[in-house]
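Colleague: Data: protein_37.csv, CSV, C-alpha atoms and all ligand atoms.
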```
chain,number,residue,atom,x,y,z
A,29,MET,CA,101.7,70.1,80.5
A,30,ASP,CA,102.0,68.6,77.0
A,31,GLY,CA,104.3,69.6,74.2
A,32,ASN,CA,107.7,70.0,75.8
A,33,GLY,CA,109.3,67.5,73.5
A,34,ARG,CA,107.8,69.0,70.3
A,35,TRP,CA,108.6,72.5,71.4
A,36,ALA,CA,112.3,71.5,71.7
A,37,LYS,CA,112.3,69.5,68.4
A,38,ALA,CA,110.9,72.4,66.5
A,39,ARG,CA,114.0,74.4,67.7
A,40,GLY,CA,116.5,71.7,67.0
A,41,LEU,CA,117.1,71.3,70.8
A,42,PRO,CA,117.2,68.1,72.9
A,43,ARG,CA,113.8,67.1,74.5
A,44,ILE,CA,115.1,67.9,77.9
A,45,GLU,CA,115.5,71.6,76.9
A,46,GLY,CA,111.7,71.6,76.4
A,47,HIS,CA,111.2,70.2,79.9
A,48,ARG,CA,113.6,72.8,81.3
A,49,ARG,CA,111.5,75.5,79.6
A,50,GLY,CA,108.5,73.7,81.0
A,51,VAL,CA,109.7,74.3,84.5
A,52,GLU,CA,109.8,78.1,83.8
A,53,ALA,CA,106.2,77.8,82.5
A,54,VAL,CA,105.3,76.2,85.8
A,55,ARG,CA,106.6,79.2,87.6
A,56,GLU,CA,104.7,81.6,85.3
A,57,ILE,CA,101.4,79.6,85.8
A,58,LEU,CA,101.8,79.5,89.5
A,59,SER,CA,102.0,83.2,89.7
A,60,GLY,CA,99.1,83.5,87.1
A,61,CYS,CA,97.0,81.4,89.4
A,62,ARG,CA,97.7,83.8,92.2
A,63,GLU,CA,96.6,86.7,90.1
A,64,LEU,CA,93.4,84.9,89.0
A,65,ASN,CA,92.7,83.7,92.6
A,66,ILE,CA,92.9,80.0,91.4
A,67,ARG,CA,93.5,78.3,94.8
A,68,TYR,CA,94.0,74.8,93.6
A,69,LEU,CA,96.5,73.9,90.8
A,70,THR,CA,97.3,70.3,90.0
A,71,LEU,CA,100.1,69.6,87.5
A,72,TYR,CA,100.4,66.3,85.7
A,73,ALA,CA,104.2,66.2,86.0
A,74,PHE,CA,105.0,62.5,85.5
A,75,SER,CA,102.5,59.8,84.6
A,76,ALA,CA,102.6,56.2,85.7
A,77,GLU,CA,103.2,55.5,82.0
A,78,ASN,CA,106.1,58.0,81.7
A,79,TRP,CA,108.5,55.4,83.3
A,80,ARG,CA,108.6,53.8,79.9
A,81,ARG,CA,110.4,56.8,78.3
A,82,PRO,CA,114.2,56.5,77.7
A,83,ALA,CA,116.1,56.3,81.0
A,84,GLU,CA,118.0,59.5,80.1
A,85,GLU,CA,114.8,61.5,79.9
A,86,VAL,CA,113.3,60.0,83.0
A,87,ASP,CA,116.5,60.9,84.9
A,88,ALA,CA,116.5,64.4,83.6
A,89,LEU,CA,112.9,64.9,84.6
A,90,MET,CA,113.6,63.6,88.1
A,91,GLY,CA,116.6,66.0,88.3
A,92,LEU,CA,114.3,68.9,87.2
A,93,LEU,CA,111.8,68.0,89.9
A,94,VAL,CA,114.5,68.2,92.6
A,95,TYR,CA,115.7,71.5,91.1
A,96,PHE,CA,112.2,72.9,91.0
A,97,LEU,CA,111.4,71.9,94.6
A,98,ARG,CA,114.7,73.3,95.9
A,99,ARG,CA,114.3,76.6,94.0
A,100,GLU,CA,110.6,77.1,94.9
A,101,LEU,CA,110.5,76.2,98.6
A,102,ASN,CA,111.0,79.7,99.8
A,103,GLU,CA,108.5,81.1,97.3
A,104,LEU,CA,105.9,78.5,98.3
A,105,VAL,CA,106.4,79.4,102.0
A,106,ARG,CA,106.3,83.1,101.3
A,107,ASN,CA,103.1,82.8,99.3
A,108,LYS,CA,101.6,80.3,101.8
A,109,VAL,CA,101.1,77.5,99.3
A,110,ARG,CA,100.7,74.0,100.5
A,111,LEU,CA,102.3,71.2,98.4
A,112,HIS,CA,100.5,67.9,97.9
A,113,VAL,CA,101.5,64.8,95.9
A,114,ILE,CA,99.1,62.4,94.2
A,115,GLY,CA,100.2,59.2,92.6
A,116,GLN,CA,102.8,56.7,93.8
A,117,PRO,CA,105.6,58.8,95.3
A,118,GLY,CA,107.1,55.5,96.6
A,119,ASP,CA,108.2,54.8,93.0
A,120,LEU,CA,110.3,58.0,92.8
A,121,PRO,CA,114.1,58.1,93.4
A,122,ASP,CA,115.2,58.9,97.0
A,123,PRO,CA,116.4,62.5,96.3
A,124,VAL,CA,113.0,63.4,94.8
A,125,ARG,CA,111.1,61.8,97.6
A,126,ALA,CA,113.3,63.6,100.2
A,127,GLU,CA,112.7,67.0,98.5
A,128,LEU,CA,109.0,66.3,98.3
A,129,GLU,CA,108.8,65.3,102.0
A,130,ARG,CA,110.8,68.4,103.0
A,131,THR,CA,108.5,70.7,101.0
A,132,MET,CA,105.3,69.1,102.1
A,133,ALA,CA,106.4,69.3,105.7
A,134,ALA,CA,107.4,72.9,105.4
A,135,THR,CA,104.0,73.9,103.8
A,136,ALA,CA,101.7,71.5,105.6
A,137,HIS,CA,100.1,74.2,107.8
A,138,PHE,CA,98.9,76.4,104.9
A,139,THR,CA,95.2,76.2,104.0
A,140,GLU,CA,94.4,78.7,101.3
A,141,TRP,CA,96.6,77.9,98.3
A,142,HIS,CA,97.3,74.4,97.1
A,143,LEU,CA,99.8,73.1,94.5
A,144,THR,CA,99.5,69.4,93.8
A,145,LEU,CA,102.0,67.4,91.8
A,146,ALA,CA,100.7,64.3,90.1
A,147,LEU,CA,103.8,62.0,90.1
A,148,SER,CA,103.9,58.4,88.9
A,149,TYR,CA,100.2,59.1,88.6
A,150,GLY,CA,97.5,57.3,86.6
A,151,SER,CA,93.7,57.3,87.2
A,152,ARG,CA,93.3,53.6,86.5
A,153,GLN,CA,96.0,52.8,89.0
A,154,GLU,CA,94.4,55.2,91.5
A,155,ALA,CA,91.0,53.5,91.0
A,156,ALA,CA,92.5,50.1,91.6
A,157,ALA,CA,94.3,51.3,94.7
A,158,ALA,CA,91.1,52.8,96.1
A,159,ALA,CA,89.2,49.6,95.5
A,160,ARG,CA,92.0,47.6,97.3
A,161,SER,CA,91.9,50.1,100.2
A,162,PHE,CA,88.1,49.8,100.5
A,163,ALA,CA,88.3,46.0,100.3
A,164,GLU,CA,90.9,46.0,103.1
A,165,ALA,CA,88.5,48.2,105.2
A,166,VAL,CA,85.8,45.6,104.6
A,167,ALA,CA,88.2,42.7,105.5
A,168,ARG,CA,88.9,44.5,108.8
A,169,GLY,CA,85.2,44.8,109.5
A,170,GLU,CA,85.3,48.6,109.3
A,171,ALA,CA,83.0,48.8,106.2
A,172,ARG,CA,80.4,46.7,104.4
A,173,PRO,CA,80.4,46.2,100.6
A,174,GLU,CA,76.9,47.8,100.2
A,175,GLU,CA,78.3,51.0,101.7
A,176,CYS,CA,80.6,51.5,98.7
A,177,THR,CA,79.0,54.7,97.3
A,178,TRP,CA,81.0,57.1,95.2
A,179,GLU,CA,81.4,59.5,98.3
A,180,ARG,CA,82.8,56.6,100.4
A,181,LEU,CA,85.1,55.4,97.7
A,182,ALA,CA,86.4,58.9,97.0
A,183,ARG,CA,87.8,58.9,100.6
A,184,HIS,CA,90.2,56.2,99.4
A,185,LEU,CA,91.5,58.2,96.3
A,186,TYR,CA,94.8,60.0,96.4
A,187,THR,CA,92.8,63.2,96.1
A,188,ARG,CA,90.8,62.7,99.3
A,189,GLU,CA,91.9,66.0,100.7
A,190,LEU,CA,91.3,68.0,97.5
A,191,PRO,CA,88.2,69.3,95.6
A,192,ASP,CA,87.3,67.9,92.2
A,193,PRO,CA,88.9,70.1,89.4
A,194,ASP,CA,86.6,72.7,87.9
A,195,LEU,CA,88.7,73.0,84.8
A,196,ILE,CA,91.2,70.7,83.1
A,197,ILE,CA,93.6,72.3,80.6
A,198,ARG,CA,95.7,70.2,78.2
A,199,THR,CA,98.2,72.1,76.1
A,200,SER,CA,99.8,71.4,72.7
A,201,GLY,CA,96.8,70.4,70.7
A,202,GLU,CA,96.0,66.9,71.9
A,203,SER,CA,92.4,66.2,73.0
A,204,ARG,CA,92.7,63.4,75.5
A,205,LEU,CA,92.8,63.0,79.3
A,206,SER,CA,95.6,60.4,79.2
A,207,ASN,CA,94.7,58.7,82.5
A,208,PHE,CA,94.5,62.1,84.4
A,209,LEU,CA,91.9,62.6,87.1
A,210,MET,CA,89.3,60.7,85.1
A,211,LEU,CA,87.0,60.0,88.1
A,212,GLN,CA,87.5,63.4,89.7
A,213,GLY,CA,87.1,65.1,86.3
A,214,ALA,CA,83.6,63.6,85.6
A,215,TYR,CA,82.1,67.1,85.6
A,216,SER,CA,85.2,69.1,84.9
A,217,GLU,CA,85.2,71.5,82.0
A,218,LEU,CA,87.9,70.5,79.5
A,219,TYR,CA,90.0,73.1,77.7
A,220,PHE,CA,92.4,72.1,74.9
A,221,SER,CA,95.0,74.7,73.9
A,222,PRO,CA,97.1,74.5,70.8
A,223,VAL,CA,100.0,76.2,72.7
A,224,PRO,CA,102.9,74.0,73.7
A,225,TRP,CA,103.4,73.9,77.5
A,226,PRO,CA,106.8,75.9,77.4
A,227,ASP,CA,105.0,78.8,75.7
A,228,PHE,CA,101.8,78.6,77.9
A,229,SER,CA,101.7,82.0,79.7
A,230,ARG,CA,99.5,83.7,82.2
A,231,GLU,CA,97.7,85.3,79.3
A,232,HIS,CA,96.8,81.8,78.0
A,233,LEU,CA,95.7,80.9,81.5
A,234,ARG,CA,93.5,84.0,81.7
A,235,GLU,CA,91.9,83.1,78.3
A,236,ALA,CA,91.2,79.5,79.6
A,237,ALA,CA,89.6,81.0,82.8
A,238,GLU,CA,87.5,83.4,80.7
A,239,CYS,CA,86.3,80.5,78.5
A,240,PHE,CA,85.5,78.5,81.7
A,241,LYS,CA,83.3,81.4,83.0
A,242,ARG,CA,81.2,81.3,79.9
A,243,ARG,CA,80.4,77.6,80.2
A,244,GLU,CA,77.1,76.4,81.6
A,245,ARG,CA,77.7,73.6,84.1
A,246,ARG,CA,74.5,71.6,84.3
A,247,TYR,CA,75.5,68.5,86.2
A,248,GLY,CA,72.7,66.4,84.5
A,249,LEU,CA,70.0,69.1,85.0
A,250,THR,CA,68.3,71.1,82.3
A,251,GLY,CA,69.3,74.7,81.6
A,252,GLU,CA,65.8,75.8,82.8
A,253,GLN,CA,66.2,73.9,86.1
A,254,LEU,CA,69.5,75.6,86.7
A,255,ARG,CA,68.1,79.1,86.0
A,256,ALA,CA,65.1,78.5,88.2
A,257,ALA,CA,67.4,77.3,91.0
A,258,ALA,CA,69.6,80.4,90.6
A,259,SER,CA,66.6,82.9,90.7
B,1,LIG,C1,104.8,66.2,78.5
B,1,LIG,O1,105.4,66.7,77.3
B,1,LIG,C2,105.5,66.6,79.7
B,1,LIG,C3,106.0,65.8,80.6
B,1,LIG,C4,106.0,64.3,80.4
B,1,LIG,C5,106.8,66.2,81.8
B,1,LIG,C6,106.4,67.5,82.3
B,1,LIG,C7,107.4,68.0,83.3
B,1,LIG,C8,107.9,69.2,83.5
B,1,LIG,C9,107.3,70.4,82.8
B,1,LIG,C10,109.0,69.5,84.3
B,1,LIG,C11,109.0,69.0,85.7
B,1,LIG,C12,107.7,69.3,86.5
B,1,LIG,C13,107.6,70.2,87.5
B,1,LIG,C14,106.3,70.4,88.2
B,1,LIG,C15,108.7,71.1,87.9
B,1,LIG,P1,106.0,65.7,76.3
B,1,LIG,O2,107.4,65.4,76.6
B,1,LIG,O3,105.2,64.5,76.2
B,1,LIG,O4,105.9,66.5,74.9
B,1,LIG,P2,105.7,66.0,73.5
B,1,LIG,O5,104.3,65.3,73.4
B,1,LIG,O6,105.8,67.2,72.6
B,1,LIG,O7,106.8,65.0,73.2
```
Written as structure tokens, that's how I'd like the structure from this file.
Ligand code: FPP

Modeller:
Amino acid sequence: MDGNGRWAKARGLPRIEGHRRGVEAVREILSGCRELNIRYLTLYAFSAENWRRPAEEVDALMGLLVYFLRRELNELVRNKVRLHVIGQPGDLPDPVRAELERTMAATAHFTEWHLTLALSYGSRQEAAAAARSFAEAVARGEARPEECTWERLARHLYTRELPDPDLIIRTSGESRLSNFLMLQGAYSELYFSPVPWPDFSREHLREAAECFKRRERRYGLTGEQLRAAAS
């Protein structure tokens, strides 16, 4: 969800105004996902590196998260959307953690639609945590080092209950992953939009989905092999 700050700056507004508009875009995209039958949406809302931003901006973002969760709870329940968190929620201030706990508990029984917030999240930190967790299983005698395949290690990632992303969208003209789902995204299609996040609408989402449908996902095979398997 990149470009909130630049969106605000271009209008002579404080950066936090961009984040506020960003929350409205989240709402719009949630309902766009529903229309397009996109059942898993993961939002990179706060990276492990974002703690280094000015305290005023960090506080404002934490406040917006609480505001969003309070405002959306009824809607999530009405639409049967389960909330997940990936990252290090333990780093977050108490009021944010409390709202997350409340929302996750209220939506834990839903199975069809999933909204995941990546909070205090970084792929490298996640990889290190997964390696630690596997090593602890080895130390307890529950696993052996030679059993450390990708499938086994993936059970120690924050995303163990979630499928790998099919499509990763980054807004606002930057073409980087910035420590987001780098292992899970090994075969994801990447889509870079020039539109800043506050202006990213369901129409932009639809365009991204259309573009995704035209991609050929080969997973290391040749195009001929894929077509032969499909026929
Ligand atoms: C990146 O834009 C955006 C963020 C670091 C925060 C995104 C957060 C929200 C949209 C609001 C809270 C989230 C939810 C799920 C309610 P940037 O500030 O880096 O933009 P810039 O690159 O133009 O400065």

Colleague: Set the cut-off to 6 Å, count all atoms listed in the file, and list whatever residues fall near ligand LIG 1 (chain B) as a PyMOL selection string.

Modeller: chain A and resi 29-34+47+50-51+73-74+89+92-93+96

Colleague: With all atoms listed in the file as the basis for distance, which of A:Glu100, A:Ala83, A:Gln212, A:Arg180 is at the shortest distance from Arg152 in chain A?

Modeller: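 When distances to Arg152 in chain A are compared using all atoms listed in the file, the smallest one comes from A:Gln212.
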
Colleague: When you count all atoms listed in the file, which of these residues is closest to Leu233 in chain A: A:Ile66, A:Ala133, A:Ile114, A:Leu97?

Modeller: A:Ile66

Colleague: My list of candidates is A:Ala159, A:Leu185, A:Lys108, A:Leu209. Which is closest to Pro173 in chain A when distances are computed with all atoms listed in the file?

Modeller: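 Counting all atoms listed in the file, the residue closest to Pro173 in chain A is A:Ala159.
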
Colleague: For Arg98 in chain A, which residue out of A:Arg43, A:Arg188, A:Arg130, A:Arg160 is the nearest one, using all atoms listed in the file?

Modeller: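 Residue with the minimum atom-to-atom distance to Arg98 in chain A: A:Arg130.
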